[in-house]
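K.L.:
Handing over entry-v5.cif, mmCIF, C-alpha atoms and all ligand atoms.
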```cif
data_work
#
loop_
_atom_site.label_atom_id
_atom_site.label_comp_id
_atom_site.auth_asym_id
_atom_site.auth_seq_id
_atom_site.Cartn_x
_atom_site.Cartn_y
_atom_site.Cartn_z
CA MET A 831 24.97 10.86 -6.20
CA LYS A 832 27.84 11.08 -3.70
CA PHE A 833 27.33 9.88 -0.12
CA GLN A 834 29.06 7.93 2.64
CA TYR A 835 26.16 5.74 3.66
CA ILE A 836 22.53 5.38 2.67
CA ASP A 837 19.52 4.09 4.56
CA THR A 838 17.46 2.86 1.61
CA HIS A 839 14.42 1.99 3.72
CA ALA A 840 13.55 4.28 6.64
CA HIS A 841 10.30 5.55 8.12
CA VAL A 842 11.27 8.95 9.52
CA ASN A 843 7.89 9.90 8.03
CA PHE A 844 6.18 7.90 10.85
CA SER A 845 4.76 9.49 14.01
CA GLU A 846 7.58 7.96 16.12
CA PHE A 847 9.72 10.82 14.79
CA ASP A 848 7.20 13.66 15.19
CA GLU A 849 9.03 15.09 18.20
CA ASP A 850 12.55 15.23 16.82
CA ARG A 851 12.42 14.55 13.06
CA GLU A 852 14.78 17.41 12.17
CA GLU A 853 17.43 16.40 14.69
CA VAL A 854 17.24 12.77 13.52
CA LEU A 855 17.80 13.83 9.92
CA LYS A 856 20.56 16.23 10.98
CA ARG A 857 22.36 13.42 12.83
CA ALA A 858 22.18 11.42 9.61
CA SER A 859 23.43 14.21 7.34
CA ASP A 860 26.25 15.08 9.79
CA GLU A 861 27.57 11.54 9.27
CA GLY A 862 27.08 11.57 5.50
CA VAL A 863 24.05 9.29 5.67
CA PHE A 864 21.42 9.74 2.94
CA VAL A 865 17.87 8.76 3.87
CA VAL A 866 15.04 7.26 1.83
CA ASN A 867 11.69 7.46 3.65
CA VAL A 868 9.20 4.83 2.57
CA GLY A 869 5.42 5.17 2.63
CA THR A 870 2.98 2.43 3.61
CA ASP A 871 -0.23 4.20 2.60
CA ILE A 872 -1.23 7.46 0.89
CA GLU A 873 -0.87 9.52 4.07
CA SER A 874 2.63 8.34 5.01
CA SER A 875 3.70 8.52 1.35
CA LYS A 876 2.65 12.17 1.19
CA ARG A 877 4.57 12.85 4.40
CA ALA A 878 7.68 11.18 2.95
CA ILE A 879 7.46 13.54 -0.03
CA SER A 880 6.93 16.68 2.04
CA ILE A 881 9.93 15.82 4.24
CA ALA A 882 12.08 15.22 1.15
CA GLU A 883 10.99 18.58 -0.25
CA GLU A 884 12.54 20.32 2.75
CA TYR A 885 16.03 19.11 1.85
CA GLN A 886 18.06 20.12 -1.16
CA GLU A 887 19.86 16.79 -1.15
CA GLY A 888 20.15 13.61 0.89
CA VAL A 889 16.48 12.93 1.74
CA TYR A 890 14.23 11.09 -0.73
CA ALA A 891 10.86 9.35 -0.80
CA ILE A 892 9.40 6.07 -1.96
CA VAL A 893 5.61 5.91 -2.16
CA GLY A 894 3.42 2.86 -1.88
CA ILE A 895 0.73 0.74 -0.25
CA HIS A 896 1.88 -1.89 2.26
CA PRO A 897 0.11 -5.27 2.03
CA HIS A 898 -1.26 -4.74 5.57
CA GLU A 899 -3.26 -1.76 4.31
CA VAL A 900 -5.02 -3.41 1.40
CA MET A 901 -8.09 -4.95 3.11
CA ASN A 902 -9.22 -1.59 4.47
CA LEU A 903 -9.04 -0.15 0.96
CA GLU A 904 -10.98 -3.11 -0.42
CA ARG A 905 -13.71 -2.83 2.24
CA GLU A 906 -14.13 0.87 1.55
CA GLY A 907 -14.09 0.39 -2.23
CA LEU A 908 -10.99 2.58 -2.52
CA VAL A 909 -8.58 0.31 -4.39
CA ASP A 910 -8.71 1.94 -7.83
CA LYS A 911 -8.90 5.47 -6.48
CA THR A 912 -5.90 4.85 -4.20
CA LEU A 913 -3.76 3.37 -6.98
CA ALA A 914 -4.60 6.36 -9.19
CA GLU A 915 -3.65 8.74 -6.38
CA LEU A 916 -0.43 6.82 -5.76
CA LYS A 917 0.52 7.09 -9.40
CA GLU A 918 0.21 10.88 -9.25
CA LEU A 919 2.35 11.05 -6.09
CA ALA A 920 4.93 8.78 -7.70
CA LYS A 921 5.60 11.31 -10.46
CA HIS A 922 7.19 13.73 -7.96
CA PRO A 923 10.92 14.26 -8.71
CA LYS A 924 11.93 13.37 -5.13
CA VAL A 925 10.17 10.01 -5.42
CA ILE A 926 12.80 7.46 -6.38
CA GLY A 927 10.70 4.28 -6.20
CA ILE A 928 7.36 2.56 -5.60
CA GLY A 929 6.65 0.71 -2.32
CA GLU A 930 6.74 -0.66 0.12
CA CYS A 931 4.56 -3.10 -1.69
CA GLY A 932 4.29 -6.86 -2.00
CA LEU A 933 2.71 -9.78 -0.19
CA ASP A 934 2.66 -10.46 3.54
CA PHE A 935 1.25 -13.84 4.59
CA PHE A 936 2.69 -13.73 8.12
CA LYS A 937 -0.05 -14.36 10.74
CA LEU A 938 -2.62 -13.76 8.01
CA SER A 939 -5.56 -15.12 10.02
CA GLU A 940 -4.60 -13.15 13.12
CA TYR A 941 -4.52 -9.89 11.17
CA ASN A 942 -7.71 -10.75 9.26
CA PRO A 943 -10.12 -12.42 11.67
CA GLU A 944 -13.32 -13.69 10.09
CA THR A 945 -12.04 -12.96 6.60
CA ASP A 946 -11.60 -15.45 3.78
CA LEU A 947 -7.81 -15.74 3.64
CA GLU A 948 -7.77 -16.60 -0.05
CA LYS A 949 -9.60 -13.35 -0.64
CA VAL A 950 -6.99 -11.45 1.41
CA LYS A 951 -4.20 -12.97 -0.68
CA GLU A 952 -6.08 -12.15 -3.87
CA ILE A 953 -6.47 -8.48 -2.90
CA GLN A 954 -2.83 -8.24 -1.82
CA GLU A 955 -1.81 -9.60 -5.21
CA LYS A 956 -4.11 -7.24 -7.09
CA ILE A 957 -2.71 -4.16 -5.35
CA PHE A 958 0.86 -5.44 -5.68
CA ARG A 959 0.41 -5.94 -9.43
CA GLY A 960 -1.12 -2.45 -9.66
CA GLN A 961 2.01 -0.99 -8.06
CA ILE A 962 4.32 -2.96 -10.36
CA ASP A 963 2.39 -1.44 -13.28
CA ILE A 964 2.96 2.05 -11.86
CA ALA A 965 6.69 1.37 -11.43
CA LEU A 966 7.00 0.13 -15.01
CA THR A 967 4.95 2.98 -16.45
CA LEU A 968 7.00 5.63 -14.62
CA ASP A 969 10.24 3.69 -15.06
CA LYS A 970 11.06 3.67 -11.34
CA PRO A 971 12.29 0.76 -9.17
CA LEU A 972 10.15 -1.15 -6.66
CA MET A 973 10.68 -1.42 -2.90
CA LEU A 974 9.39 -4.88 -2.02
CA HIS A 975 8.00 -6.00 1.31
CA CYS A 976 7.55 -9.79 1.37
CA ARG A 977 6.97 -11.92 4.42
CA GLU A 978 6.34 -15.65 4.22
CA SER A 979 5.49 -15.07 0.57
CA TYR A 980 8.75 -15.37 -1.37
CA GLY A 981 7.52 -18.11 -3.72
CA LYS A 982 4.38 -16.28 -4.77
CA THR A 983 6.17 -12.93 -4.98
CA LEU A 984 8.79 -14.39 -7.33
CA GLU A 985 6.09 -16.00 -9.46
CA ILE A 986 4.45 -12.58 -9.94
CA LEU A 987 7.78 -10.84 -10.63
CA TYR A 988 8.69 -13.43 -13.25
CA ASP A 989 5.36 -12.76 -14.99
CA PHE A 990 6.36 -9.12 -15.40
CA PHE A 991 10.01 -9.90 -16.08
CA GLY A 992 8.94 -12.11 -18.99
CA VAL A 993 7.20 -9.15 -20.62
CA HIS A 994 9.29 -6.16 -19.53
CA GLY A 995 12.76 -7.63 -18.98
CA VAL A 996 15.31 -5.32 -17.37
CA LYS A 997 12.82 -2.47 -17.10
CA LEU A 998 11.56 -4.36 -14.05
CA ARG A 999 13.88 -3.67 -11.12
CA GLY A 1000 13.95 -2.91 -7.42
CA ASN A 1001 14.99 -4.03 -3.98
CA ALA A 1002 13.70 -6.82 -1.71
CA HIS A 1003 13.79 -5.11 1.71
CA PHE A 1004 14.30 -6.83 5.10
CA PHE A 1005 15.33 -9.98 3.28
CA ALA A 1006 14.78 -13.18 5.27
CA GLY A 1007 14.57 -15.81 2.54
CA SER A 1008 16.97 -18.49 1.35
CA LEU A 1009 20.03 -18.12 -0.87
CA GLU A 1010 18.08 -19.69 -3.78
CA GLN A 1011 15.33 -17.12 -3.34
CA ALA A 1012 17.88 -14.30 -3.15
CA LYS A 1013 19.43 -15.52 -6.41
CA ALA A 1014 15.97 -15.63 -8.03
CA PHE A 1015 15.32 -12.00 -7.04
CA ILE A 1016 18.73 -10.98 -8.36
CA SER A 1017 18.13 -12.73 -11.67
CA CYS A 1018 15.02 -10.65 -12.33
CA GLY A 1019 16.63 -7.31 -11.54
CA PHE A 1020 16.40 -6.98 -7.77
CA THR A 1021 18.88 -6.17 -5.03
CA ILE A 1022 18.61 -7.54 -1.50
CA SER A 1023 18.74 -5.33 1.59
CA PHE A 1024 19.43 -6.04 5.24
CA THR A 1025 18.54 -4.22 8.48
CA GLY A 1026 20.02 -4.01 11.97
CA VAL A 1027 18.76 -7.57 12.54
CA ILE A 1028 22.01 -8.86 11.03
CA THR A 1029 23.93 -7.42 13.98
CA PHE A 1030 22.23 -9.81 16.42
CA ALA A 1031 20.76 -12.74 14.42
CA LYS A 1032 23.44 -15.26 13.47
CA ASP A 1033 21.38 -16.92 10.71
CA TYR A 1034 22.21 -14.14 8.21
CA GLU A 1035 25.94 -14.80 8.14
CA THR A 1036 26.11 -17.50 5.44
CA LEU A 1037 23.47 -15.73 3.37
CA ILE A 1038 25.41 -12.45 3.39
CA LYS A 1039 28.65 -14.27 2.65
CA ASP A 1040 27.08 -15.96 -0.37
CA ILE A 1041 25.22 -13.01 -1.92
CA PRO A 1042 27.58 -10.89 -4.08
CA LEU A 1043 28.17 -7.42 -2.64
CA GLN A 1044 27.07 -5.91 -5.99
CA ASN A 1045 23.54 -7.10 -5.17
CA ILE A 1046 23.30 -5.83 -1.58
CA LEU A 1047 21.84 -2.58 -0.19
CA SER A 1048 21.79 -1.24 3.39
CA GLU A 1049 18.72 -0.15 5.36
CA THR A 1050 17.40 0.26 8.91
CA ASP A 1051 13.59 0.02 8.55
CA CYS A 1052 13.64 2.50 11.44
CA PRO A 1053 11.94 2.98 13.90
CA TYR A 1054 12.01 -0.84 14.01
CA VAL A 1055 14.83 -3.34 14.66
CA ALA A 1056 17.64 -1.15 16.01
CA PRO A 1057 21.06 -2.77 15.67
CA VAL A 1058 23.40 -3.71 18.52
CA PRO A 1059 24.09 -1.76 20.79
CA PHE A 1060 20.73 0.01 20.46
CA ARG A 1061 18.48 -3.06 20.59
CA GLY A 1062 14.99 -2.35 21.95
CA LYS A 1063 15.41 1.38 21.36
CA ARG A 1064 14.02 3.36 18.45
CA ALA A 1065 16.21 2.85 15.39
CA GLU A 1066 17.17 5.82 13.23
CA PRO A 1067 18.92 6.26 9.85
CA VAL A 1068 22.41 6.95 11.27
CA HIS A 1069 22.37 3.34 12.58
CA VAL A 1070 22.78 2.17 8.99
CA LYS A 1071 26.53 2.61 9.56
CA LEU A 1072 26.40 -0.38 11.92
CA VAL A 1073 24.59 -2.44 9.30
CA VAL A 1074 27.28 -1.68 6.70
CA GLN A 1075 29.99 -2.36 9.28
CA LYS A 1076 28.45 -5.80 9.94
CA ILE A 1077 28.20 -6.59 6.22
CA ALA A 1078 31.89 -5.69 5.85
CA GLU A 1079 32.81 -7.83 8.87
CA ILE A 1080 30.89 -10.88 7.57
CA LYS A 1081 32.43 -10.51 4.13
CA GLY A 1082 35.90 -9.92 5.54
CA ILE A 1083 36.42 -6.64 3.70
CA SER A 1084 37.02 -3.05 4.80
CA ILE A 1085 34.12 -0.77 5.68
CA LYS A 1086 35.31 1.54 2.91
CA GLU A 1087 35.03 -1.22 0.33
CA ALA A 1088 31.52 -2.17 1.51
CA ARG A 1089 30.45 1.47 1.62
CA GLU A 1090 31.70 2.28 -1.87
CA GLN A 1091 30.14 -0.80 -3.47
CA ILE A 1092 26.77 -0.08 -1.82
CA GLU A 1093 27.04 3.52 -3.05
CA LYS A 1094 27.51 2.17 -6.60
CA ASN A 1095 24.62 -0.27 -6.23
CA VAL A 1096 22.26 2.43 -4.98
CA ASN A 1097 23.26 4.86 -7.71
CA GLN A 1098 22.65 2.21 -10.32
CA MET A 1099 19.24 1.29 -8.91
CA PHE A 1100 17.79 4.64 -7.82
CA PHE A 1101 19.76 7.52 -9.30
CA ALA A 1102 20.77 6.33 -12.78
ZN ZN B 1 8.49 -3.86 5.27
ZN ZN B 2 9.30 -0.63 6.19
#
```
In structure tokens, write the structure found in this file.

P.N.:
Amino acid sequence: MKFQYIDTHAHVNFSEFDEDREEVLKRASDEGVFVVNVGTDIESSKRAISIAEEYQEGVYAIVGIHPHEVMNLEREGLVDKTLAELKELAKHPKVIGIGECGLDFFKLSEYNPETDLEKVKEIQEKIFRGQIDIALTLDKPLMLHCRESYGKTLEILYDFFGVHGVKLRGNAHFFAGSLEQAKAFISCGFTISFTGVITFAKDYETLIKDIPLQNILSETDCPYVAPVPFRGKRAEPVHVKLVVQKIAEIKGISIKEAREQIEKNVNQMFFA
């Protein structure tokens, strides 16, 4: 696949883009930016697919269940049904991965008042493992969402890596862990991606310097976390150029070099 830039984790499938979705995607394609829209539940996953279907090239989908969604499914007894439905969606040719899925232990008690937190973690893990199974069965990469859960996430990935080896692969999106954790992800077949946050938060500089460029992908996670100079506004895929520019600046290389290596990385992970 040939492109200038790629936003490997966008949510143009969300309602924030209902008013001007086509223009947003046109702005991206005008600048040579490919877009991967990521689902967080069945509904948004379906929307990601239907948007991708409208474009011959340059717009793709990843389908999955976000850890924030899992307790509702559990309460309604929909876990198995939803995973089965997800597996069917994931077979679509425009679907290039499974996610965003993983564990999110950030403010767990605030998001789950009056719920046994161990139970919440258990259900998150169950649905995460279910999605890893789907990825392995369909031979597609994972799009991981982990927050305050890197240790446990890696433990689970190593379980699967031990059995399936290099068949297990994917990307840890919105990475905010340590260099050791990044290396652990890389050693079991994962890349690491960064958002617009790196344009304003200094704490990413050493991390980005120390992670080899061959293991890095670019993303926006739009509509969230717009990069400088768009902070506080709605982010959109074309902003991924600023993320790549920042990665190049931190690494002391040209934008072209950063761009071309990320293109290789993405092709290897998602379009091989
Ligand atoms: Zn996420
Ligand atoms: Zn996301």

K.L.:
Report as a PyMOL selection string which protein, DNA and RNA residues come within 12 Å of ligand ZN 1 (chain B), using only C-alpha atoms and all ligand atoms.

P.N.:
chain A and resi 838-841+867-870+894-899+929-934+936+973-977+1001-1006+1023-1025+1049-1055

K.L.:
Which is closer to A:Glu948 than all the others in A:Phe935, A:Gln834, A:Arg999, A:Ala1088, using all atoms listed in the file?

P.N.:
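Smallest separation from A:Glu948 among the options: A:Phe935.
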
K.L.:
At what distance in Å, to one decimal, does atom CA of A:Phe847 lie from atom CA of A:Val909?

P.N.:
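Spanning atom CA of A:Val909 to atom CA of A:Phe847 is a straight-line distance of 28.5 Å.
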
K.L.:
Quick one: of A:Leu903, A:Ile879, A:Leu947, A:Ile953, who's nearest to A:His922, counting all atoms listed in the file?

P.N.:
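Using all atoms listed in the file, the shortest distance to A:His922 belongs to A:Ile879.
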
K.L.:
At a cut-off of 12 Å, using only C-alpha atoms, what residues contact A:Gln886? Leave out same-chain residues fewer than 3 positions from it and give the result as a PyMOL selection string.

P.N.:
chain A and resi 859+864+881-883+889-890+923-924

K.L.:
I'd like the neighbourhood of A:Lys832 as a list of chain:residue names, where a residue qualifies if any of its atoms comes within 10 Å (using all atoms listed in the file), though same-chain residues fewer than 3 positions away should be ignored.

P.N.:
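The residues satisfying every condition are A:Tyr835, A:Gly862, A:Phe864, A:Gly888, A:Glu1090, A:Glu1093, A:Lys1094, A:Asn1097.
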
K.L.:
What's the separation between atom CA of A:Ala858 and atom CA of A:Gly1019, in Å to one decimal place?

P.N.:
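The value is 28.8 Å.
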
K.L.:
When you draw a straight line from atom CA of A:Leu1043 to atom CA of A:Tyr988, how long is it in Å?

P.N.:
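Interatomic distance here is 23.0 Å.
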
K.L.:
Counting only C-alpha atoms and all ligand atoms, figure out which residue out of A:Asn843, A:Arg905, A:Lys1032, A:Ile836 gets nearest to ligand ZN 2 (chain B).

P.N.:
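Of A:Asn843, A:Arg905, A:Lys1032, A:Ile836, the one nearest ligand ZN 2 (chain B) is A:Asn843, counting only C-alpha atoms and all ligand atoms.
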
K.L.:
In terms of the shortest atom-to-atom distance over only C-alpha atoms, which of A:Val1027, A:Met1099, A:Leu984, A:Ala965 is closest to A:His1069?

P.N.:
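When distances to A:His1069 are compared using only C-alpha atoms, the smallest one comes from A:Val1027.
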
K.L.:
Add whatever atoms are absent from stretch 916-949 of chain A to reach N, CA and C atoms, and provide the output as an mmCIF file, in the frame of the given file.

P.N.:
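See result05.cif below for the written result:
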```cif
data_model
loop_
_atom_site.group_PDB
_atom_site.id
_atom_site.type_symbol
_atom_site.label_atom_id
_atom_site.label_comp_id
_atom_site.auth_asym_id
_atom_site.auth_seq_id
_atom_site.Cartn_x
_atom_site.Cartn_y
_atom_site.Cartn_z
ATOM 1 N N LEU A 916 -1.831 7.211 -5.949
ATOM 2 C CA LEU A 916 -0.430 6.820 -5.760
ATOM 3 C C LEU A 916 0.392 7.133 -7.009
ATOM 4 N N LYS A 917 -0.193 6.851 -8.141
ATOM 5 C CA LYS A 917 0.520 7.090 -9.400
ATOM 6 C C LYS A 917 0.861 8.571 -9.566
ATOM 7 N N GLU A 918 -0.064 9.439 -9.172
ATOM 8 C CA GLU A 918 0.210 10.880 -9.250
ATOM 9 C C GLU A 918 1.344 11.267 -8.314
ATOM 10 N N LEU A 919 1.288 10.746 -7.056
ATOM 11 C CA LEU A 919 2.350 11.050 -6.090
ATOM 12 C C LEU A 919 3.706 10.571 -6.601
ATOM 13 N N ALA A 920 3.686 9.426 -7.259
ATOM 14 C CA ALA A 920 4.930 8.780 -7.700
ATOM 15 C C ALA A 920 5.666 9.574 -8.773
ATOM 16 N N LYS A 921 4.962 10.515 -9.405
ATOM 17 C CA LYS A 921 5.600 11.310 -10.460
ATOM 18 C C LYS A 921 6.506 12.412 -9.898
ATOM 19 N N HIS A 922 6.395 12.676 -8.600
ATOM 20 C CA HIS A 922 7.190 13.730 -7.960
ATOM 21 C C HIS A 922 8.688 13.449 -8.147
ATOM 22 N N PRO A 923 9.478 14.487 -8.456
ATOM 23 C CA PRO A 923 10.920 14.260 -8.710
ATOM 24 C C PRO A 923 11.699 13.699 -7.517
ATOM 25 N N LYS A 924 11.220 13.922 -6.297
ATOM 26 C CA LYS A 924 11.930 13.370 -5.130
ATOM 27 C C LYS A 924 11.563 11.910 -4.861
ATOM 28 N N VAL A 925 10.580 11.405 -5.596
ATOM 29 C CA VAL A 925 10.170 10.010 -5.420
ATOM 30 C C VAL A 925 11.037 9.117 -6.300
ATOM 31 N N ILE A 926 11.831 8.268 -5.642
ATOM 32 C CA ILE A 926 12.800 7.460 -6.380
ATOM 33 C C ILE A 926 12.369 5.994 -6.514
ATOM 34 N N GLY A 927 11.154 5.664 -6.053
ATOM 35 C CA GLY A 927 10.700 4.280 -6.200
ATOM 36 C C GLY A 927 9.269 4.107 -5.730
ATOM 37 N N ILE A 928 8.744 2.895 -5.966
ATOM 38 C CA ILE A 928 7.360 2.560 -5.600
ATOM 39 C C ILE A 928 7.391 1.458 -4.544
ATOM 40 N N GLY A 929 6.732 1.700 -3.399
ATOM 41 C CA GLY A 929 6.650 0.710 -2.320
ATOM 42 C C GLY A 929 6.501 1.423 -0.989
ATOM 43 N N GLU A 930 6.449 0.730 0.176
ATOM 44 C CA GLU A 930 6.740 -0.660 0.120
ATOM 45 C C GLU A 930 5.491 -1.436 -0.258
ATOM 46 N N CYS A 931 5.681 -2.338 -1.191
ATOM 47 C CA CYS A 931 4.560 -3.100 -1.690
ATOM 48 C C CYS A 931 4.971 -4.568 -1.824
ATOM 49 N N GLY A 932 3.975 -5.433 -1.884
ATOM 50 C CA GLY A 932 4.290 -6.860 -2.000
ATOM 51 C C GLY A 932 3.210 -7.697 -1.353
ATOM 52 N N LEU A 933 3.627 -8.843 -0.821
ATOM 53 C CA LEU A 933 2.710 -9.780 -0.190
ATOM 54 C C LEU A 933 3.200 -10.071 1.214
ATOM 55 N N ASP A 934 2.281 -10.125 2.172
ATOM 56 C CA ASP A 934 2.660 -10.460 3.540
ATOM 57 C C ASP A 934 1.674 -11.490 4.078
ATOM 58 N N PHE A 935 2.133 -12.753 4.144
ATOM 59 C CA PHE A 935 1.250 -13.840 4.590
ATOM 60 C C PHE A 935 1.531 -14.236 6.040
ATOM 61 N N PHE A 936 2.351 -13.443 6.724
ATOM 62 C CA PHE A 936 2.690 -13.730 8.120
ATOM 63 C C PHE A 936 1.468 -13.476 9.012
ATOM 64 N N LYS A 937 1.101 -14.477 9.828
ATOM 65 C CA LYS A 937 -0.050 -14.360 10.740
ATOM 66 C C LYS A 937 -1.285 -13.797 10.034
ATOM 67 N N LEU A 938 -1.534 -14.295 8.837
ATOM 68 C CA LEU A 938 -2.620 -13.760 8.010
ATOM 69 C C LEU A 938 -3.984 -13.832 8.715
ATOM 70 N N SER A 939 -4.244 -14.973 9.392
ATOM 71 C CA SER A 939 -5.560 -15.120 10.020
ATOM 72 C C SER A 939 -5.692 -14.236 11.260
ATOM 73 N N GLU A 940 -4.565 -14.003 11.943
ATOM 74 C CA GLU A 940 -4.600 -13.150 13.120
ATOM 75 C C GLU A 940 -4.913 -11.688 12.723
ATOM 76 N N TYR A 941 -4.300 -11.253 11.638
ATOM 77 C CA TYR A 941 -4.520 -9.890 11.170
ATOM 78 C C TYR A 941 -5.874 -9.719 10.472
ATOM 79 N N ASN A 942 -6.444 -10.836 10.012
ATOM 80 C CA ASN A 942 -7.710 -10.750 9.260
ATOM 81 C C ASN A 942 -8.744 -11.705 9.823
ATOM 82 N N PRO A 943 -9.153 -11.498 11.091
ATOM 83 C CA PRO A 943 -10.120 -12.420 11.670
ATOM 84 C C PRO A 943 -11.423 -12.401 10.870
ATOM 85 N N GLU A 944 -12.032 -13.571 10.769
ATOM 86 C CA GLU A 944 -13.320 -13.690 10.090
ATOM 87 C C GLU A 944 -13.279 -13.227 8.636
ATOM 88 N N THR A 945 -12.117 -13.320 8.019
ATOM 89 C CA THR A 945 -12.040 -12.960 6.600
ATOM 90 C C THR A 945 -11.550 -14.188 5.836
ATOM 91 N N ASP A 946 -12.057 -14.373 4.638
ATOM 92 C CA ASP A 946 -11.600 -15.450 3.780
ATOM 93 C C ASP A 946 -10.143 -15.166 3.380
ATOM 94 N N LEU A 947 -9.233 -16.029 3.829
ATOM 95 C CA LEU A 947 -7.810 -15.740 3.640
ATOM 96 C C LEU A 947 -7.383 -15.775 2.180
ATOM 97 N N GLU A 948 -8.075 -16.593 1.395
ATOM 98 C CA GLU A 948 -7.770 -16.600 -0.050
ATOM 99 C C GLU A 948 -8.096 -15.255 -0.668
ATOM 100 N N LYS A 949 -9.169 -14.681 -0.165
ATOM 101 C CA LYS A 949 -9.600 -13.350 -0.640
ATOM 102 C C LYS A 949 -8.534 -12.299 -0.265
#
```
